[in-house]
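Single-structure report; data block below.
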Number of protein chains: 2
Amino acid sequence: MAGRAAVPEVIWTRPERAGRGPKAAYNRADIAAAAVRIADAEGLDAASMRHVAAELGCGTMSLYNYVPRKEDLYELMVDAVSGEHELWEPSGDWRADMLRVAHQTRALMRRHPWLPRLMSPVYGFSPHALRYLEHCLGCLDSFDGTYGTKFELIAMLNGLVTTYVGNELATAERARSLPWSEEQEGAMRIAYLGGQVAGGAYPRLAAAFAEDSGPIDLEAVFERMLLRVLDGFAPRG
Amino acid sequence: MAGRAAVPEVIWTRPERAGRGPKAAYNRADIAAAAVRIADAEGLDAASMRHVAAELGCGTMSLYNYVPRKEDLYELMVDAVSGEHELWEPSGDWRADMLRVAHQTRALMRRHPWLPRLMSPVYGFSPHALRYLEHCLGCLDSFDGTYGTKFELIAMLNGLVTTYVGNELATAERARSLPWSEEQEGAMRIAYLGGQVAGGAYPRLAAAFAEDSGPIDLEAVFERMLLRVLDGFAPRG
DNA sequence: CGTAGTTACGTACGCCGTACGTAGTGCGCT
DNA sequence: AGCGCACTACGTACGGCGTACGTAACTACG
(Lines give C-alpha, C1' and ligand atoms only; values in the text may rest on other atoms or scores of the structure.)
Protein backbone atom coordinates (compact mmCIF):
# COMPACT_ATOMS: atom_id res chain seq x y z
CA MET A 1 0.00 0.00 0.00
CA ALA A 2 1.49 3.29 -1.09
CA GLY A 3 1.94 6.19 1.30
CA ARG A 4 -0.77 8.25 -0.38
CA ALA A 5 -3.67 5.86 -0.48
CA ALA A 6 -6.27 6.00 -3.24
CA VAL A 7 -8.85 4.76 -0.79
CA PRO A 8 -11.34 6.94 1.06
CA GLU A 9 -10.11 8.15 4.40
CA VAL A 10 -10.70 10.90 6.85
CA ILE A 11 -7.54 12.44 8.22
CA TRP A 12 -8.65 11.51 11.73
CA THR A 13 -8.48 7.82 10.91
CA ARG A 14 -4.85 8.06 9.91
CA PRO A 15 -2.58 7.17 12.81
CA GLU A 16 -0.69 10.28 13.79
CA ARG A 17 2.64 8.48 13.76
CA ALA A 18 3.89 5.14 12.62
CA GLY A 19 6.23 2.73 14.31
CA ARG A 20 9.03 2.58 11.79
CA GLY A 21 11.30 5.19 10.43
CA PRO A 22 12.82 8.28 12.01
CA LYS A 23 10.95 10.14 14.73
CA ALA A 24 8.45 12.60 13.36
CA ALA A 25 9.59 16.13 14.09
CA TYR A 26 6.12 17.66 14.33
CA ASN A 27 2.53 16.70 15.09
CA ARG A 28 -0.88 17.73 13.92
CA ALA A 29 -1.45 20.12 16.78
CA ASP A 30 1.77 22.01 15.97
CA ILE A 31 0.88 22.17 12.32
CA ALA A 32 -2.67 23.32 12.93
CA ALA A 33 -1.43 25.95 15.37
CA ALA A 34 1.07 27.28 12.86
CA ALA A 35 -1.55 27.47 10.13
CA VAL A 36 -4.00 29.20 12.46
CA ARG A 37 -1.33 31.71 13.50
CA ILE A 38 -0.65 32.59 9.86
CA ALA A 39 -4.30 32.77 8.86
CA ASP A 40 -5.12 34.96 11.85
CA ALA A 41 -2.32 37.35 11.05
CA GLU A 42 -2.25 37.44 7.26
CA GLY A 43 -5.53 35.97 6.09
CA LEU A 44 -6.55 32.53 4.96
CA ASP A 45 -4.85 32.71 1.58
CA ALA A 46 -1.52 33.26 3.31
CA ALA A 47 -1.86 29.86 4.97
CA SER A 48 -0.32 28.04 2.02
CA MET A 49 1.58 24.79 2.34
CA ARG A 50 4.82 26.68 1.74
CA HIS A 51 4.12 29.32 4.38
CA VAL A 52 3.01 26.85 7.00
CA ALA A 53 6.05 24.68 6.35
CA ALA A 54 8.31 27.72 6.65
CA GLU A 55 6.58 28.72 9.89
CA LEU A 56 7.30 25.25 11.24
CA GLY A 57 10.84 25.42 9.95
CA CYS A 58 10.73 22.50 7.55
CA GLY A 59 10.67 21.96 3.83
CA THR A 60 7.41 22.36 1.98
CA MET A 61 7.05 18.76 0.96
CA SER A 62 7.71 17.47 4.44
CA LEU A 63 4.31 18.79 5.41
CA TYR A 64 2.74 16.21 3.14
CA ASN A 65 3.91 13.50 5.52
CA TYR A 66 1.42 14.84 8.03
CA VAL A 67 -1.27 16.38 5.81
CA PRO A 68 -2.09 14.44 2.67
CA ARG A 69 -3.92 17.35 0.98
CA LYS A 70 -4.35 21.06 1.47
CA GLU A 71 -8.00 20.41 2.23
CA ASP A 72 -6.93 18.40 5.26
CA LEU A 73 -4.91 21.31 6.55
CA TYR A 74 -8.13 23.31 6.54
CA GLU A 75 -9.84 20.52 8.43
CA LEU A 76 -7.08 20.55 11.04
CA MET A 77 -7.42 24.32 11.39
CA VAL A 78 -11.18 24.19 11.89
CA ASP A 79 -10.81 21.42 14.44
CA ALA A 80 -8.09 23.30 16.29
CA VAL A 81 -10.11 26.45 16.82
CA SER A 82 -13.23 24.42 17.55
CA GLY A 83 -11.34 23.39 20.64
CA GLU A 84 -11.63 26.98 21.86
CA HIS A 85 -15.34 26.57 22.43
CA GLU A 86 -16.00 26.95 26.12
CA LEU A 87 -18.19 24.14 27.40
CA TRP A 88 -20.28 24.38 30.55
CA GLU A 89 -22.83 22.52 32.59
CA PRO A 90 -26.21 23.08 30.89
CA SER A 91 -28.40 25.44 32.90
CA GLY A 92 -31.68 23.73 32.17
CA ASP A 93 -32.82 26.72 30.11
CA TRP A 94 -32.06 25.64 26.57
CA ARG A 95 -32.91 29.04 25.08
CA ALA A 96 -30.39 30.80 27.28
CA ASP A 97 -27.77 28.13 26.71
CA MET A 98 -28.14 28.16 22.93
CA LEU A 99 -27.98 31.95 22.89
CA ARG A 100 -24.75 31.71 24.84
CA VAL A 101 -23.42 29.14 22.40
CA ALA A 102 -24.24 31.41 19.46
CA HIS A 103 -22.55 34.40 21.04
CA GLN A 104 -19.45 32.35 21.74
CA THR A 105 -19.38 31.07 18.21
CA ARG A 106 -19.55 34.64 16.95
CA ALA A 107 -16.69 35.64 19.21
CA LEU A 108 -14.69 32.66 17.99
CA MET A 109 -15.24 33.66 14.39
CA ARG A 110 -14.22 37.22 15.04
CA ARG A 111 -11.03 35.95 16.62
CA HIS A 112 -10.45 33.80 13.52
CA PRO A 113 -11.97 35.74 10.63
CA TRP A 114 -11.19 32.98 8.13
CA LEU A 115 -13.41 30.53 9.99
CA PRO A 116 -16.73 31.39 8.31
CA ARG A 117 -15.20 30.71 4.91
CA LEU A 118 -14.08 27.24 6.01
CA MET A 119 -17.25 26.28 7.86
CA SER A 120 -18.59 23.22 6.14
CA PRO A 121 -20.58 20.20 7.17
CA VAL A 122 -17.72 18.18 5.70
CA TYR A 123 -15.62 19.09 8.73
CA GLY A 124 -18.36 18.22 11.18
CA PHE A 125 -16.79 14.94 12.28
CA SER A 126 -13.55 16.17 13.79
CA PRO A 127 -12.90 15.39 17.45
CA HIS A 128 -13.55 18.91 18.67
CA ALA A 129 -16.60 19.24 16.43
CA LEU A 130 -18.06 16.11 18.01
CA ARG A 131 -17.33 17.46 21.48
CA TYR A 132 -19.05 20.71 20.55
CA LEU A 133 -22.07 18.88 19.13
CA GLU A 134 -22.36 16.78 22.26
CA HIS A 135 -22.31 19.95 24.32
CA CYS A 136 -25.10 21.51 22.24
CA LEU A 137 -27.17 18.38 22.62
CA GLY A 138 -26.59 18.60 26.37
CA CYS A 139 -27.88 22.17 26.36
CA LEU A 140 -30.93 20.90 24.52
CA ASP A 141 -31.76 18.18 27.04
CA SER A 142 -34.49 20.47 28.29
CA PHE A 143 -35.83 20.95 24.77
CA ASP A 144 -38.87 18.88 23.99
CA GLY A 145 -38.25 17.30 20.60
CA THR A 146 -36.51 14.55 18.68
CA TYR A 147 -32.79 14.54 18.08
CA GLY A 148 -33.61 15.27 14.46
CA THR A 149 -35.26 18.52 15.48
CA LYS A 150 -32.38 19.34 17.80
CA PHE A 151 -29.92 18.91 14.97
CA GLU A 152 -32.03 21.19 12.84
CA LEU A 153 -31.97 23.82 15.57
CA ILE A 154 -28.21 23.57 15.96
CA ALA A 155 -27.69 23.70 12.21
CA MET A 156 -29.89 26.75 11.79
CA LEU A 157 -28.17 28.65 14.58
CA ASN A 158 -24.73 27.71 13.33
CA GLY A 159 -25.66 28.65 9.80
CA LEU A 160 -27.06 31.96 10.90
CA VAL A 161 -23.99 32.85 12.93
CA THR A 162 -21.65 31.78 10.13
CA THR A 163 -23.54 33.81 7.54
CA TYR A 164 -23.86 36.82 9.78
CA VAL A 165 -20.25 36.99 10.85
CA GLY A 166 -19.14 36.09 7.34
CA ASN A 167 -21.04 39.07 6.02
CA GLU A 168 -19.68 41.29 8.77
CA LEU A 169 -16.15 40.30 7.82
CA ALA A 170 -16.41 39.86 4.06
CA THR A 171 -15.90 43.52 3.34
CA ALA A 172 -12.96 43.75 5.69
CA GLU A 173 -11.24 40.66 4.29
CA ARG A 174 -11.90 41.94 0.80
CA ALA A 175 -10.57 45.38 1.65
CA ARG A 176 -7.23 43.80 2.49
CA SER A 177 -6.58 43.13 -1.17
CA LEU A 178 -7.92 46.37 -2.59
CA PRO A 179 -5.84 49.41 -3.51
CA TRP A 180 -8.27 51.68 -1.70
CA SER A 181 -9.74 51.76 1.77
CA GLU A 182 -12.83 50.00 3.03
CA GLU A 183 -14.44 53.36 3.81
CA GLN A 184 -13.91 54.53 0.24
CA GLU A 185 -15.34 51.28 -1.06
CA GLY A 186 -18.42 51.61 1.10
CA ALA A 187 -18.93 55.26 0.23
CA MET A 188 -18.56 54.42 -3.43
CA ARG A 189 -21.22 51.74 -3.28
CA ILE A 190 -23.60 53.90 -1.29
CA ALA A 191 -23.21 56.68 -3.82
CA TYR A 192 -23.84 54.31 -6.70
CA LEU A 193 -26.86 52.84 -4.94
CA GLY A 194 -28.25 56.32 -4.31
CA GLY A 195 -27.91 57.16 -7.97
CA GLN A 196 -29.63 53.98 -9.10
CA VAL A 197 -32.45 54.39 -6.64
CA ALA A 198 -32.93 58.03 -7.61
CA GLY A 199 -33.70 56.87 -11.13
CA GLY A 200 -37.18 55.85 -10.07
CA ALA A 201 -36.93 52.21 -11.15
CA TYR A 202 -36.95 50.98 -7.56
CA PRO A 203 -39.67 52.85 -5.69
CA ARG A 204 -39.62 50.65 -2.58
CA LEU A 205 -35.85 50.72 -2.34
CA ALA A 206 -36.10 54.49 -2.59
CA ALA A 207 -38.62 54.52 0.22
CA ALA A 208 -36.40 52.26 2.28
CA PHE A 209 -33.49 54.56 1.61
CA ALA A 210 -35.53 57.50 2.80
CA GLU A 211 -36.75 55.73 5.93
CA ASP A 212 -35.08 57.22 8.97
CA SER A 213 -33.95 54.17 10.83
CA GLY A 214 -31.40 55.83 13.06
CA PRO A 215 -27.97 54.28 13.53
CA ILE A 216 -27.88 50.51 13.02
CA ASP A 217 -26.89 48.51 16.08
CA LEU A 218 -25.30 45.36 14.68
CA GLU A 219 -25.29 43.67 18.07
CA ALA A 220 -29.02 44.22 18.41
CA VAL A 221 -29.65 42.94 14.89
CA PHE A 222 -27.67 39.79 15.64
CA GLU A 223 -29.56 39.19 18.87
CA ARG A 224 -32.91 39.73 17.17
CA MET A 225 -32.08 37.19 14.47
CA LEU A 226 -31.06 34.59 17.03
CA LEU A 227 -34.28 35.11 18.97
CA ARG A 228 -36.32 34.75 15.80
CA VAL A 229 -34.76 31.39 15.05
CA LEU A 230 -35.41 30.22 18.59
CA ASP A 231 -38.97 31.50 18.32
CA GLY A 232 -39.37 29.39 15.21
CA PHE A 233 -38.79 26.34 17.41
CA ALA A 234 -40.75 27.42 20.47
CA PRO A 235 -42.36 30.86 20.67
CA ARG A 236 -41.88 32.83 23.86
CA GLY A 237 -44.68 33.63 26.24
CA MET B 1 -5.86 59.07 -15.74
CA ALA B 2 -4.60 55.58 -16.43
CA GLY B 3 -6.83 52.80 -17.66
CA ARG B 4 -6.73 50.94 -14.36
CA ALA B 5 -7.66 53.57 -11.86
CA ALA B 6 -6.44 53.45 -8.28
CA VAL B 7 -9.68 55.05 -7.18
CA PRO B 8 -12.61 53.18 -5.70
CA GLU B 9 -15.11 52.03 -8.26
CA VAL B 10 -17.81 49.48 -8.71
CA ILE B 11 -17.72 47.72 -12.03
CA TRP B 12 -21.26 48.93 -12.72
CA THR B 13 -20.13 52.55 -12.74
CA ARG B 14 -17.63 51.90 -15.50
CA PRO B 15 -19.11 52.71 -18.86
CA GLU B 16 -19.41 49.46 -20.77
CA ARG B 17 -17.83 50.91 -23.89
CA ALA B 18 -16.01 54.10 -24.71
CA GLY B 19 -16.36 56.30 -27.74
CA ARG B 20 -12.84 56.13 -29.07
CA GLY B 21 -10.80 53.29 -30.35
CA PRO B 22 -11.72 50.11 -32.17
CA LYS B 23 -15.09 48.52 -31.60
CA ALA B 24 -15.12 46.27 -28.58
CA ALA B 25 -15.51 42.68 -29.72
CA TYR B 26 -17.40 41.52 -26.63
CA ASN B 27 -19.61 42.85 -23.88
CA ARG B 28 -20.20 42.09 -20.24
CA ALA B 29 -23.22 39.90 -20.92
CA ASP B 30 -21.19 37.68 -23.28
CA ILE B 31 -18.36 37.44 -20.80
CA ALA B 32 -20.62 36.67 -17.87
CA ALA B 33 -22.46 34.05 -19.93
CA ALA B 34 -19.19 32.38 -20.92
CA ALA B 35 -17.98 32.31 -17.33
CA VAL B 36 -21.31 30.92 -16.13
CA ARG B 37 -21.23 28.24 -18.80
CA ILE B 38 -17.79 27.10 -17.70
CA ALA B 39 -18.57 27.22 -13.99
CA ASP B 40 -21.79 25.26 -14.51
CA ALA B 41 -20.01 22.59 -16.50
CA GLU B 42 -16.63 22.30 -14.78
CA GLY B 43 -16.96 24.02 -11.44
CA LEU B 44 -16.12 27.48 -10.22
CA ASP B 45 -12.38 26.98 -10.15
CA ALA B 46 -12.42 26.21 -13.86
CA ALA B 47 -13.75 29.70 -14.53
CA SER B 48 -10.28 31.21 -14.66
CA MET B 49 -9.44 34.27 -16.70
CA ARG B 50 -7.61 32.06 -19.18
CA HIS B 51 -10.48 29.64 -19.61
CA VAL B 52 -13.10 32.34 -19.96
CA ALA B 53 -10.97 34.17 -22.50
CA ALA B 54 -10.46 30.95 -24.45
CA GLU B 55 -14.19 30.26 -24.34
CA LEU B 56 -14.78 33.71 -25.80
CA GLY B 57 -12.04 33.15 -28.34
CA CYS B 58 -9.73 35.97 -27.33
CA GLY B 59 -6.38 36.34 -25.61
CA THR B 60 -6.28 36.14 -21.84
CA MET B 61 -5.23 39.70 -21.27
CA SER B 62 -7.92 41.08 -23.54
CA LEU B 63 -10.41 40.14 -20.87
CA TYR B 64 -8.89 42.74 -18.61
CA ASN B 65 -10.24 45.43 -20.90
CA TYR B 66 -13.70 44.46 -19.75
CA VAL B 67 -13.09 43.10 -16.26
CA PRO B 68 -10.49 44.94 -14.19
CA ARG B 69 -10.09 42.15 -11.64
CA LYS B 70 -11.04 38.51 -11.27
CA GLU B 71 -13.29 39.54 -8.42
CA ASP B 72 -15.32 41.59 -10.87
CA LEU B 73 -15.81 38.56 -13.09
CA TYR B 74 -17.42 36.89 -10.10
CA GLU B 75 -19.64 39.90 -9.62
CA LEU B 76 -20.71 39.73 -13.27
CA MET B 77 -21.50 36.03 -12.91
CA VAL B 78 -23.64 36.54 -9.83
CA ASP B 79 -25.48 39.40 -11.49
CA ALA B 80 -26.06 37.37 -14.64
CA VAL B 81 -27.72 34.45 -12.90
CA SER B 82 -29.60 36.80 -10.59
CA GLY B 83 -31.39 37.82 -13.76
CA GLU B 84 -32.91 34.34 -13.86
CA HIS B 85 -35.08 35.12 -10.85
CA GLU B 86 -38.68 35.01 -11.97
CA LEU B 87 -40.57 38.06 -10.76
CA TRP B 88 -44.33 38.18 -10.36
CA GLU B 89 -47.12 40.39 -9.15
CA PRO B 90 -47.21 40.03 -5.34
CA SER B 91 -50.21 38.01 -4.20
CA GLY B 92 -50.91 39.98 -1.05
CA ASP B 93 -49.86 36.99 1.08
CA TRP B 94 -46.28 37.81 1.98
CA ARG B 95 -45.66 34.44 3.60
CA ALA B 96 -46.60 32.55 0.47
CA ASP B 97 -44.67 34.94 -1.74
CA MET B 98 -41.50 34.75 0.32
CA LEU B 99 -41.72 30.96 0.40
CA ARG B 100 -41.95 31.01 -3.36
CA VAL B 101 -38.95 33.31 -3.56
CA ALA B 102 -36.94 30.99 -1.35
CA HIS B 103 -37.81 27.93 -3.40
CA GLN B 104 -36.86 29.72 -6.59
CA THR B 105 -33.58 30.79 -5.09
CA ARG B 106 -32.85 27.21 -4.15
CA ALA B 107 -33.65 26.05 -7.67
CA LEU B 108 -31.39 28.78 -9.03
CA MET B 109 -28.54 27.64 -6.83
CA ARG B 110 -28.98 24.05 -7.83
CA ARG B 111 -28.80 25.09 -11.45
CA HIS B 112 -25.60 27.00 -10.66
CA PRO B 113 -23.90 25.07 -7.87
CA TRP B 114 -21.09 27.62 -7.57
CA LEU B 115 -23.52 30.37 -6.59
CA PRO B 116 -23.63 29.72 -2.83
CA ARG B 117 -19.87 30.08 -2.66
CA LEU B 118 -20.03 33.47 -4.36
CA MET B 119 -23.02 34.84 -2.47
CA SER B 120 -21.82 37.92 -0.68
CA PRO B 121 -23.39 41.17 0.44
CA VAL B 122 -20.60 42.82 -1.53
CA TYR B 123 -22.41 41.88 -4.72
CA GLY B 124 -25.75 43.13 -3.46
CA PHE B 125 -25.73 46.27 -5.56
CA SER B 126 -25.70 44.84 -9.05
CA PRO B 127 -28.58 45.73 -11.37
CA HIS B 128 -30.27 42.36 -11.15
CA ALA B 129 -29.70 42.20 -7.40
CA LEU B 130 -31.49 45.52 -7.03
CA ARG B 131 -34.35 44.30 -9.18
CA TYR B 132 -34.59 41.18 -7.03
CA LEU B 133 -34.53 43.21 -3.83
CA GLU B 134 -37.25 45.49 -5.13
CA HIS B 135 -39.34 42.44 -5.95
CA CYS B 136 -38.92 41.03 -2.45
CA LEU B 137 -39.92 44.36 -0.96
CA GLY B 138 -43.00 44.30 -3.17
CA CYS B 139 -43.89 40.86 -1.84
CA LEU B 140 -43.53 42.30 1.65
CA ASP B 141 -45.90 45.20 1.07
CA SER B 142 -48.46 43.26 3.04
CA PHE B 143 -45.99 42.70 5.87
CA ASP B 144 -46.49 45.03 8.80
CA GLY B 145 -43.06 46.36 9.71
CA THR B 146 -40.32 48.84 8.91
CA TYR B 147 -38.10 48.46 5.89
CA GLY B 148 -35.34 47.64 8.33
CA THR B 149 -37.29 44.61 9.51
CA LYS B 150 -38.11 43.64 5.92
CA PHE B 151 -34.43 43.69 5.04
CA GLU B 152 -33.71 41.49 8.02
CA LEU B 153 -36.34 39.02 6.85
CA ILE B 154 -34.94 38.94 3.33
CA ALA B 155 -31.40 38.58 4.62
CA MET B 156 -32.32 35.73 6.92
CA LEU B 157 -34.18 33.82 4.22
CA ASN B 158 -31.40 34.37 1.70
CA GLY B 159 -28.79 33.36 4.22
CA LEU B 160 -30.70 30.24 5.13
CA VAL B 161 -31.16 29.19 1.52
CA THR B 162 -27.52 29.88 0.69
CA THR B 163 -26.27 27.90 3.66
CA TYR B 164 -28.68 25.05 3.09
CA VAL B 165 -27.99 24.60 -0.59
CA GLY B 166 -24.29 25.24 0.00
CA ASN B 167 -24.25 22.35 2.45
CA GLU B 168 -26.25 20.18 0.11
CA LEU B 169 -23.73 20.78 -2.63
CA ALA B 170 -20.48 21.05 -0.68
CA THR B 171 -19.93 17.32 -0.62
CA ALA B 172 -20.68 16.97 -4.31
CA GLU B 173 -18.40 19.83 -5.34
CA ARG B 174 -15.70 18.41 -3.09
CA ALA B 175 -16.15 14.92 -4.49
CA ARG B 176 -15.26 16.27 -7.91
CA SER B 177 -11.63 16.67 -6.85
CA LEU B 178 -11.28 13.48 -4.87
CA PRO B 179 -9.81 10.22 -6.15
CA TRP B 180 -12.75 8.28 -4.72
CA SER B 181 -16.51 8.52 -5.02
CA GLU B 182 -18.87 10.61 -2.96
CA GLU B 183 -20.61 7.48 -1.72
CA GLN B 184 -17.32 6.04 -0.49
CA GLU B 185 -16.49 9.31 1.23
CA GLY B 186 -19.86 9.40 2.97
CA ALA B 187 -19.67 5.76 4.02
CA MET B 188 -16.16 6.34 5.33
CA ARG B 189 -17.25 9.26 7.48
CA ILE B 190 -20.30 7.45 8.78
CA ALA B 191 -18.15 4.48 9.75
CA TYR B 192 -15.67 6.73 11.51
CA LEU B 193 -18.47 8.55 13.31
CA GLY B 194 -19.97 5.27 14.41
CA GLY B 195 -16.65 4.17 15.83
CA GLN B 196 -16.14 7.40 17.74
CA VAL B 197 -19.64 7.38 19.12
CA ALA B 198 -19.34 3.76 20.18
CA GLY B 199 -16.44 4.78 22.40
CA GLY B 200 -18.90 6.17 24.95
CA ALA B 201 -17.49 9.68 25.06
CA TYR B 202 -20.55 11.14 23.39
CA PRO B 203 -23.63 9.63 25.02
CA ARG B 204 -26.16 12.00 23.43
CA LEU B 205 -24.66 11.60 19.99
CA ALA B 206 -24.90 7.85 20.51
CA ALA B 207 -28.54 8.22 21.45
CA ALA B 208 -29.15 10.40 18.43
CA PHE B 209 -27.44 7.81 16.28
CA ALA B 210 -29.69 5.13 17.68
CA GLU B 211 -32.85 7.19 17.24
CA ASP B 212 -34.94 5.73 14.46
CA SER B 213 -35.80 8.77 12.43
CA GLY B 214 -36.73 7.01 9.24
CA PRO B 215 -35.43 8.27 5.91
CA ILE B 216 -34.60 11.98 5.88
CA ASP B 217 -36.67 14.04 3.47
CA LEU B 218 -34.43 16.95 2.54
CA GLU B 219 -37.28 18.82 0.88
CA ALA B 220 -39.34 18.64 4.05
CA VAL B 221 -36.38 19.77 6.17
CA PHE B 222 -35.88 22.76 3.90
CA GLU B 223 -39.55 23.71 4.04
CA ARG B 224 -39.61 23.39 7.83
CA MET B 225 -36.61 25.68 8.19
CA LEU B 226 -38.18 28.32 5.97
CA LEU B 227 -41.41 28.20 7.96
CA ARG B 228 -39.50 28.56 11.20
CA VAL B 229 -37.82 31.72 9.98
CA LEU B 230 -41.14 33.14 8.86
CA ASP B 231 -42.64 32.16 12.22
CA GLY B 232 -39.91 34.15 13.87
CA PHE B 233 -41.30 37.25 12.17
CA ALA B 234 -45.01 36.51 12.58
CA PRO B 235 -46.22 33.22 14.08
CA ARG B 236 -49.00 31.42 12.28
CA GLY B 237 -52.42 31.02 13.81
C1' DC C 1 20.71 -8.01 10.69
C1' DG C 2 18.61 -7.04 6.66
C1' DT C 3 14.68 -4.80 4.88
C1' DA C 4 10.54 -2.47 4.58
C1' DG C 5 8.16 1.48 5.80
C1' DT C 6 8.87 6.41 7.17
C1' DT C 7 10.71 10.94 7.34
C1' DA C 8 12.79 14.86 5.10
C1' DC C 9 13.10 17.63 1.21
C1' DG C 10 14.84 19.39 -3.51
C1' DT C 11 13.22 19.72 -8.08
C1' DA C 12 9.85 20.30 -11.44
C1' DC C 13 5.23 20.74 -13.74
C1' DG C 14 1.21 22.97 -14.81
C1' DC C 15 -1.88 25.92 -13.16
C1' DC C 16 -3.28 30.72 -11.39
C1' DG C 17 -3.89 36.25 -11.35
C1' DT C 18 -2.07 39.98 -13.45
C1' DA C 19 1.75 43.88 -14.49
C1' DC C 20 3.67 45.67 -18.46
C1' DG C 21 4.86 46.78 -23.17
C1' DT C 22 3.66 47.09 -28.00
C1' DA C 23 1.01 47.46 -32.05
C1' DG C 24 -3.07 48.65 -34.37
C1' DT C 25 -7.62 51.22 -34.70
C1' DG C 26 -10.99 54.75 -35.35
C1' DC C 27 -13.54 58.79 -32.88
C1' DG C 28 -13.34 63.68 -31.77
C1' DC C 29 -11.00 67.73 -32.34
C1' DT C 30 -8.95 71.47 -34.63
C1' DA D 1 -8.78 66.62 -43.71
C1' DG D 2 -5.85 64.98 -40.79
C1' DC D 3 -3.78 64.64 -36.34
C1' DG D 4 -3.68 62.79 -31.73
C1' DC D 5 -5.17 60.02 -28.24
C1' DA D 6 -8.02 56.87 -25.93
C1' DC D 7 -9.01 52.52 -26.55
C1' DT D 8 -8.63 47.43 -28.04
C1' DA D 9 -5.94 43.26 -28.52
C1' DC D 10 -2.58 40.29 -26.87
C1' DG D 11 2.23 38.17 -26.10
C1' DT D 12 5.49 37.75 -22.52
C1' DA D 13 6.85 37.31 -17.96
C1' DC D 14 6.80 37.15 -12.81
C1' DG D 15 5.75 35.32 -8.56
C1' DG D 16 2.66 32.63 -6.38
C1' DC D 17 0.03 28.13 -5.74
C1' DG D 18 -0.83 22.67 -4.98
C1' DT D 19 1.52 18.66 -5.43
C1' DA D 20 3.80 14.39 -8.19
C1' DC D 21 8.04 12.24 -7.97
C1' DG D 22 12.68 10.77 -6.84
C1' DT D 23 16.40 10.31 -3.47
C1' DA D 24 18.78 9.76 0.83
C1' DA D 25 18.78 8.90 5.69
C1' DC D 26 16.85 6.43 9.47
C1' DT D 27 14.70 2.94 12.67
C1' DA D 28 11.57 -0.72 14.34
C1' DC D 29 10.24 -5.22 13.22
C1' DG D 30 10.86 -10.11 11.16
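Starting from 1 in every chain, residues are counted up; chains themselves are A, B, ... following the order of the C-alpha coordinates, and ligands are numbered from 1 as listed.
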**OP:** Please return, as JSON, numbers by chain, all residues of chain B lying within 9 Å of chain D when only C-alpha atoms (C1' of nucleotides) are considered.
**Re:** {"B": [18, 19, 20, 21, 22, 23, 24, 25, 58, 59, 60, 61, 62, 65]}
Original post:
For chain C against chain B, which residues fall within 6 Å using only C-alpha atoms (C1' of nucleotides), given as an MDAnalysis selection string?
Top reply: chainID C and resid 25:27
Can you build me a table of chain A residues sitting at most 8 Å from chain B, with the closest atom pair per residue and its distance in Å to one decimal, using only C-alpha atoms, sorted by chain and residue number, as a tab-separated table?
residue	atom	partner	partner_atom	distance
A:Ala6	CA	B:Pro179	CA	6.2
A:Val7	CA	B:Trp180	CA	6.6
A:Pro8	CA	B:Glu185	CA	5.7
A:Glu9	CA	B:Met188	CA	6.4
A:Val10	CA	B:Arg189	CA	6.8
A:Thr13	CA	B:Tyr192	CA	7.3
A:Ser120	CA	B:Asn167	CA	6.8
A:Pro121	CA	B:Asn167	CA	6.4
A:Val122	CA	B:Thr171	CA	6.7
A:Phe125	CA	B:Leu193	CA	6.7
A:Leu130	CA	B:Tyr202	CA	7.7
A:Arg131	CA	B:Tyr202	CA	7.4
A:Leu133	CA	B:Leu205	CA	7.8
A:Glu134	CA	B:Tyr202	CA	6.0
A:Leu137	CA	B:Arg204	CA	6.5
A:Gly138	CA	B:Arg204	CA	7.2
A:Tyr147	CA	B:Ala208	CA	5.5
A:Gly148	CA	B:Ser213	CA	7.2
A:Glu152	CA	B:Met225	CA	7.9
A:Met156	CA	B:Leu160	CA	7.6
A:Gly159	CA	B:Thr163	CA	6.2
A:Leu160	CA	B:Leu160	CA	7.0
A:Thr163	CA	B:Gly159	CA	6.2
A:Asn167	CA	B:Pro121	CA	6.4
A:Ala170	CA	B:Ser120	CA	7.4
A:Thr171	CA	B:Val122	CA	6.8
A:Pro179	CA	B:Ala6	CA	6.3
A:Trp180	CA	B:Pro8	CA	6.1
A:Gln184	CA	B:Pro8	CA	6.2
A:Glu185	CA	B:Pro8	CA	5.7
A:Met188	CA	B:Glu9	CA	6.4
A:Arg189	CA	B:Val10	CA	6.8
A:Tyr192	CA	B:Thr13	CA	7.3
A:Leu193	CA	B:Phe125	CA	6.7
A:Tyr202	CA	B:Glu134	CA	6.0
A:Pro203	CA	B:Glu134	CA	7.8
A:Arg204	CA	B:Glu134	CA	6.2
A:Leu205	CA	B:Glu134	CA	6.1
A:Ala208	CA	B:Tyr147	CA	5.5
A:Glu211	CA	B:Tyr147	CA	7.4
A:Ser213	CA	B:Gly148	CA	7.1
A:Met225	CA	B:Met156	CA	7.7
A:Leu227	CA	B:Gly232	CA	7.7
A:Arg228	CA	B:Gly232	CA	4.1
A:Val229	CA	B:Val229	CA	5.9
A:Leu230	CA	B:Gly232	CA	7.6
A:Asp231	CA	B:Gly232	CA	5.3
A:Gly232	CA	B:Arg228	CA	4.1
A:Phe233	CA	B:Arg228	CA	6.6
A:Pro235	CA	B:Gly232	CA	7.9
Selection near Met77 (chain B), 7 Å with only C-alpha atoms (C1' of nucleotides), sequence-local residues under 3 positions removed, as a short mmCIF file (atom, residue, chain, number, x, y, z; two decimals) with N, CA, C and O atoms, in the first residue's frame:
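The result, written out as result-v2.cif:
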data_model
loop_
_atom_site.label_atom_id
_atom_site.label_comp_id
_atom_site.auth_asym_id
_atom_site.auth_seq_id
_atom_site.Cartn_x
_atom_site.Cartn_y
_atom_site.Cartn_z
N ALA B 32 -19.97 37.32 -19.01
CA ALA B 32 -20.62 36.67 -17.87
C ALA B 32 -21.20 35.33 -18.30
O ALA B 32 -21.04 34.32 -17.60
N ALA B 35 -18.48 32.73 -18.64
CA ALA B 35 -17.98 32.31 -17.33
C ALA B 35 -18.99 31.38 -16.65
O ALA B 35 -18.63 30.35 -16.07
N VAL B 36 -20.27 31.74 -16.75
CA VAL B 36 -21.31 30.92 -16.13
C VAL B 36 -21.34 29.54 -16.78
O VAL B 36 -21.45 28.52 -16.10
N LEU B 73 -15.21 39.62 -12.28
CA LEU B 73 -15.81 38.56 -13.09
C LEU B 73 -16.84 37.82 -12.25
O LEU B 73 -17.96 37.53 -12.71
N TYR B 74 -16.47 37.52 -11.00
CA TYR B 74 -17.42 36.89 -10.10
C TYR B 74 -18.69 37.73 -9.97
O TYR B 74 -19.80 37.22 -9.99
N ALA B 80 -25.45 38.03 -13.47
CA ALA B 80 -26.06 37.37 -14.64
C ALA B 80 -27.10 36.36 -14.21
O ALA B 80 -28.24 36.37 -14.70
N VAL B 81 -26.74 35.47 -13.29
CA VAL B 81 -27.72 34.45 -12.90
C VAL B 81 -28.82 35.03 -12.02
O VAL B 81 -29.91 34.47 -11.97
#
**OP:** Calculate how many Å separate CA of Glu16 (chain A) from CA of Gly57 (chain A), rounding to one decimal.
**Re:** 19.4 Å
**OP:** Using only C-alpha atoms, find the one residue out of B:Val67, B:Cys139, B:Leu56, B:Glu223 that sits nearest to Arg14 (chain B).
**Re:** B:Val67
